[in-house]
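A short worksheet on the structure shown next.
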Amino acid sequence: MGHKNLKQLDAIAFKPGDESGFRLCYNGSMKHTNVVRVLPDKRQKQVLEIIGDRCAALWNAVQYRCRQAFFKGDSVPSYAALCSEFKEHPAYKALPAHIGQEVIKKARKAWDSYFACLRLYRKGELKEPPHIPRYWKDRRTGRRIFRVIPVKAPTSYSLDARCLSLTLPQDLRKGQGDRLVLRTKGVLRFHGRPKTLELKYDPVKTRWYAHQVVEVPEPVRKARPEKHAAIDLGARVLVALAVEGLNRQLLFSAREVIKDFLYWTNQIAGEQSRLNRAGRKTSRRLKRLYQLRARRLRHAFVALAAEIVRILKRLRVTTLFLEDLTGIREAMDFGPKNLLVHNFWAFRMLRNLIEAACTRTGIRVVPVEPRGTSCRCAVCGSSVRRPVRHKAVCEKCGRVWHADANAALNIILQGSSKEHGAEATPLKPLALRWDRHRWVSRFESAAGTPSGATSGSRMAA
Ligand SMILES: [Zn+2]
């Protein structure tokens, strides 16, 4: 499939990936992805399944060709070579050209990412060797399965808030015109130049979704006085936020998020042992639990990114220094029981979501590689002692810091290359926690209503 390889690549390069629904292009615009649910009726479902199956047939034929070349030691044919080679292939001719070409492109891209991963593996930057692209088939039954129908250009589809229409293959056009018009449900969040569209089938939910890429020009930044903020990422405190001129840092606690993640991890373990006893490997319920766990985590992160942007906007911040995750792995504390060590992608996802949310609102994001930001005092610059994990005590001026708040302040200093000593002694940082709907401060949740200047967003006002 190449999918796993892509993820591994992403893990190395830390490119903003699909999980944030966002990518930066080189021409000063951004790519966003709109996702809407597609509601085919009974007959349309069959049509989609036929087209999906034909895509799988073409994918498998292309992979067979590439794999044979690869095993023989020949070079894997290029996209252009594959296109001309498959022009007369029955699997290609069974699809409209703009779908067929896109399947070939996708299949060839899987090889690109395989080779890229292989290079990294040989350099020792990947632990496991990558897999060569696979066939779309059920491993157990050997039957062909469909995953996705990619559509190349907006000339061959149209998507609005109500419906999606697609060109049908020649032989499926009996009596109902040459287009398939499907009802959709959902909101098109991004408007811009439409690019490719993928119709994806979710076998766990047994539902179809349309993923549309749109290119949106980057927002024009107003000329404003420069104001900096910085974020330190971590496993216990997910985000420590420091804003220039604000005498108090904000800490977003990981506790509730991890608790929820653990709960679903236990559910998964329970289902796995139930399956083991039954001599089975997987079930729809198991896949559903994995999906749920990932989605609940993402929900908390999306809300966190939104809350950060709200605060930054209100404080008229122009630039955010965001920790670059390269090399973080060795130095990092991965939370209780090292829970997140195997879920390092979570940090990348969080980082990318924050970056995407900032870029959308016109806040510049500057990646910084923190160097020693947690071992010196943000006021006087002397080294600090760490009597307990979350505390840092300055050896010279005696200030007692929350370690993460101190680190975030140091990132501002490092990013704006300022001297130490400019800030006054900060107040005790404000802690926010996830109540599964919103990020709230301790005071807010205890009182039931936001109390005075203590709520996160009010404090920032
Ligand atoms: Zn100090």
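Chain labels run A, B, ... following the order of the structure tokens; each chain numbers its residues from 1, and ligands are numbered from 1 in the order shown.
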Any residue with an atom at most 8 Å from ligand 1 counts, using only C-alpha atoms and all ligand atoms. Which are they? Put them as a ChimeraX atom specification. /A:376-384,393-399
Contacts of Thr155 in chain A at 10 Å or less, counting only C-alpha atoms, minus same-chain residues fewer than 2 places along, as a VMD selection string? chain A and resid 98 151 to 153 157 to 158 166 to 167 194 to 196
Once you count only C-alpha atoms, what closest atom pair and distance in Å to one decimal does each residue of range 115-234 of chain A within 12 Å of range 239-254 of chain A have, with rows by chain and rising residue number, as a tab-separated table?
residue	atom	partner	partner_atom	distance
A:Glu226	CA	A:Glu244	CA	10.0
A:Lys227	CA	A:Glu244	CA	6.5
A:His228	CA	A:Glu244	CA	5.5
A:Ala229	CA	A:Val243	CA	4.2
A:Ala230	CA	A:Ala242	CA	5.4
A:Ile231	CA	A:Leu241	CA	4.7
A:Asp232	CA	A:Ala240	CA	5.1
A:Leu233	CA	A:Val239	CA	4.8
A:Gly234	CA	A:Val239	CA	6.4
Could you pull the residues within 8 Å of Leu289 in chain A, counting only C-alpha atoms, minus those fewer than 3 positions along the same chain, as an MDAnalysis selection string? chainID A and resid 264 267:268 285:286 292:293
Quick one: residues within 7 Å of Thr373 in chain A, only C-alpha atoms, excluding same-chain residues fewer than 5 positions away - as a ChimeraX atom specification? /A:407,410-411
Based on the selection just made, write C-alpha atoms of those residues as a compact mmCIF listing (two decimals), in the first residue's frame.
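New file again.txt:
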# COMPACT_ATOMS: atom_id res chain seq x y z
CA ALA A 407 11.51 26.26 28.96
CA ASN A 410 13.64 30.39 27.10
CA ILE A 411 12.39 29.42 23.66
Report as an NGL selection string all protein, DNA and RNA residues lying within 12 Å of range 64-67 of chain A, evaluated on only C-alpha atoms, omitting residues in the same chain fewer than 6 positions from it. :A and (56-58 or 73-79 or 81-82 or 85-86 or 104 or 107-112 or 114 or 131-136)
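The space between CA of Arg360 in chain A and CA of Pro219 in chain A spans 6.9 Å.
Interatomic distance, CA of Lys72 in chain A to CA of Asp138 in chain A: 25.6 Å.
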So how far away is CA of Gln414 in chain A from CA of Arg385 in chain A, in Å?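 That distance, rounded to one decimal, is 20.1 Å.
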To test your reading of the structure, identify every residue in range 230-267 of chain A that backbone DSSP assigns to alpha helix (DSSP H), and report it as a PyMOL selection string. chain A and resi 255-267
Selected residues written out with all heavy atoms, as a compact mmCIF listing (two decimals), in the first residue's frame:
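Saved result, again.txt, follows:
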# COMPACT_ATOMS: atom_id res chain seq x y z
N ARG A 255 -2.92 15.20 31.53
CA ARG A 255 -3.46 14.18 32.42
C ARG A 255 -4.76 13.54 31.93
O ARG A 255 -4.83 12.33 31.77
CB ARG A 255 -3.66 14.80 33.80
CG ARG A 255 -3.71 13.77 34.87
CD ARG A 255 -3.46 14.35 36.24
NE ARG A 255 -3.71 13.29 37.18
CZ ARG A 255 -4.87 13.13 37.80
NH1 ARG A 255 -5.84 13.98 37.61
NH2 ARG A 255 -5.04 12.11 38.61
N GLU A 256 -5.76 14.39 31.69
CA GLU A 256 -7.07 13.86 31.29
C GLU A 256 -7.00 13.20 29.92
O GLU A 256 -7.68 12.21 29.66
CB GLU A 256 -8.12 14.97 31.26
CG GLU A 256 -8.25 15.73 32.57
CD GLU A 256 -8.64 14.83 33.72
OE1 GLU A 256 -9.48 13.95 33.50
OE2 GLU A 256 -8.07 14.98 34.82
N VAL A 257 -6.17 13.78 29.05
CA VAL A 257 -6.04 13.23 27.70
C VAL A 257 -5.44 11.83 27.77
O VAL A 257 -5.91 10.89 27.12
CB VAL A 257 -5.17 14.15 26.82
CG1 VAL A 257 -5.00 13.58 25.43
CG2 VAL A 257 -5.77 15.55 26.74
N ILE A 258 -4.41 11.69 28.60
CA ILE A 258 -3.75 10.39 28.74
C ILE A 258 -4.68 9.39 29.41
O ILE A 258 -4.73 8.22 29.03
CB ILE A 258 -2.42 10.54 29.52
CG1 ILE A 258 -1.40 11.23 28.62
CG2 ILE A 258 -1.90 9.19 29.98
CD1 ILE A 258 -0.04 11.36 29.22
N LYS A 259 -5.44 9.87 30.38
CA LYS A 259 -6.37 8.99 31.08
C LYS A 259 -7.37 8.37 30.10
O LYS A 259 -7.64 7.17 30.12
CB LYS A 259 -7.13 9.80 32.14
CG LYS A 259 -7.12 9.16 33.51
CD LYS A 259 -7.48 10.17 34.55
CE LYS A 259 -8.84 9.90 35.16
NZ LYS A 259 -9.20 10.96 36.13
N ASP A 260 -7.89 9.23 29.25
CA ASP A 260 -8.85 8.77 28.25
C ASP A 260 -8.19 7.81 27.27
O ASP A 260 -8.75 6.76 26.93
CB ASP A 260 -9.41 9.99 27.50
CG ASP A 260 -10.60 9.61 26.63
OD1 ASP A 260 -11.64 9.24 27.21
OD2 ASP A 260 -10.48 9.66 25.40
N PHE A 261 -6.97 8.15 26.87
CA PHE A 261 -6.22 7.31 25.94
C PHE A 261 -5.99 5.92 26.57
O PHE A 261 -6.17 4.90 25.92
CB PHE A 261 -4.88 7.97 25.63
CG PHE A 261 -4.13 7.35 24.50
CD1 PHE A 261 -4.40 7.72 23.20
CD2 PHE A 261 -3.14 6.40 24.73
CE1 PHE A 261 -3.71 7.15 22.14
CE2 PHE A 261 -2.45 5.83 23.68
CZ PHE A 261 -2.73 6.21 22.39
N LEU A 262 -5.65 5.91 27.87
CA LEU A 262 -5.42 4.66 28.60
C LEU A 262 -6.69 3.81 28.68
O LEU A 262 -6.65 2.60 28.52
CB LEU A 262 -4.98 4.97 30.02
CG LEU A 262 -3.52 4.75 30.36
CD1 LEU A 262 -3.26 5.09 31.80
CD2 LEU A 262 -3.14 3.29 30.09
N TYR A 263 -7.81 4.50 28.93
CA TYR A 263 -9.07 3.78 29.02
C TYR A 263 -9.34 3.00 27.74
O TYR A 263 -9.65 1.81 27.77
CB TYR A 263 -10.22 4.77 29.29
CG TYR A 263 -11.58 4.13 29.22
CD1 TYR A 263 -12.07 3.41 30.30
CD2 TYR A 263 -12.34 4.19 28.05
CE1 TYR A 263 -13.30 2.78 30.23
CE2 TYR A 263 -13.58 3.56 27.97
CZ TYR A 263 -14.05 2.87 29.06
OH TYR A 263 -15.26 2.24 28.98
N TRP A 264 -9.15 3.65 26.59
CA TRP A 264 -9.41 2.97 25.33
C TRP A 264 -8.34 1.95 25.01
O TRP A 264 -8.61 0.94 24.36
CB TRP A 264 -9.58 4.01 24.21
CG TRP A 264 -10.84 4.79 24.43
CD1 TRP A 264 -10.94 6.05 24.94
CD2 TRP A 264 -12.19 4.33 24.23
NE1 TRP A 264 -12.25 6.40 25.08
CE2 TRP A 264 -13.04 5.38 24.65
CE3 TRP A 264 -12.75 3.15 23.75
CZ2 TRP A 264 -14.43 5.27 24.59
CZ3 TRP A 264 -14.13 3.06 23.70
CH2 TRP A 264 -14.95 4.10 24.11
N THR A 265 -7.12 2.19 25.50
CA THR A 265 -6.06 1.19 25.33
C THR A 265 -6.45 -0.09 26.07
O THR A 265 -6.26 -1.20 25.56
CB THR A 265 -4.72 1.74 25.85
OG1 THR A 265 -4.44 2.96 25.18
CG2 THR A 265 -3.58 0.76 25.60
N ASN A 266 -7.02 0.06 27.27
CA ASN A 266 -7.46 -1.11 28.01
C ASN A 266 -8.60 -1.83 27.31
O ASN A 266 -8.65 -3.06 27.28
CB ASN A 266 -7.90 -0.70 29.42
CG ASN A 266 -6.71 -0.39 30.29
OD1 ASN A 266 -5.60 -0.84 30.03
ND2 ASN A 266 -6.93 0.42 31.33
N GLN A 267 -9.52 -1.05 26.75
CA GLN A 267 -10.61 -1.65 25.99
C GLN A 267 -10.06 -2.47 24.82
O GLN A 267 -10.52 -3.57 24.54
CB GLN A 267 -11.54 -0.57 25.44
CG GLN A 267 -12.23 0.26 26.49
CD GLN A 267 -13.36 -0.51 27.14
OE1 GLN A 267 -14.23 -1.04 26.47
NE2 GLN A 267 -13.32 -0.60 28.46
Just checking: using only C-alpha atoms, which residue out of A:Lys185, A:Lys106, A:Arg54, A:His89 ends up closest to Val36 in chain A? A:Lys185
Which polymer residues have any atom within 9 Å of an atom of Arg316 in chain A, counting only C-alpha atoms, with same-chain residues fewer than 3 positions away left out, as a PyMOL selection string? chain A and resi 224-227+311-313
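Near Lys281 in chain A, within a cut-off of 8 Å and counting only C-alpha atoms, sit the residues Gln272, Leu275 and Asn276 of chain A, with same-chain residues fewer than 5 positions away left out.
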Using only C-alpha atoms: which of A:Leu350, A:Leu432, A:Leu315, A:Ala278 has the shortest distance to Arg298 in chain A: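 Using only C-alpha atoms, Arg298 in chain A sits closest to A:Leu350.
In this comparison, which uses only C-alpha atoms, the residue of A:Ala235, A:Ile149, A:Ile51, A:Ala305 approaching Tyr209 in chain A most closely is A:Ile149.
With distances restricted to only C-alpha atoms, A:Arg310 is the closest residue to Thr361 in chain A from A:Arg348, A:His299, A:Arg310, A:Arg386.
Closest approach to Glu218 in chain A among A:Gly100, A:Gly142, A:Gly415, A:Gly362 is made by A:Gly362 (distances from only C-alpha atoms).
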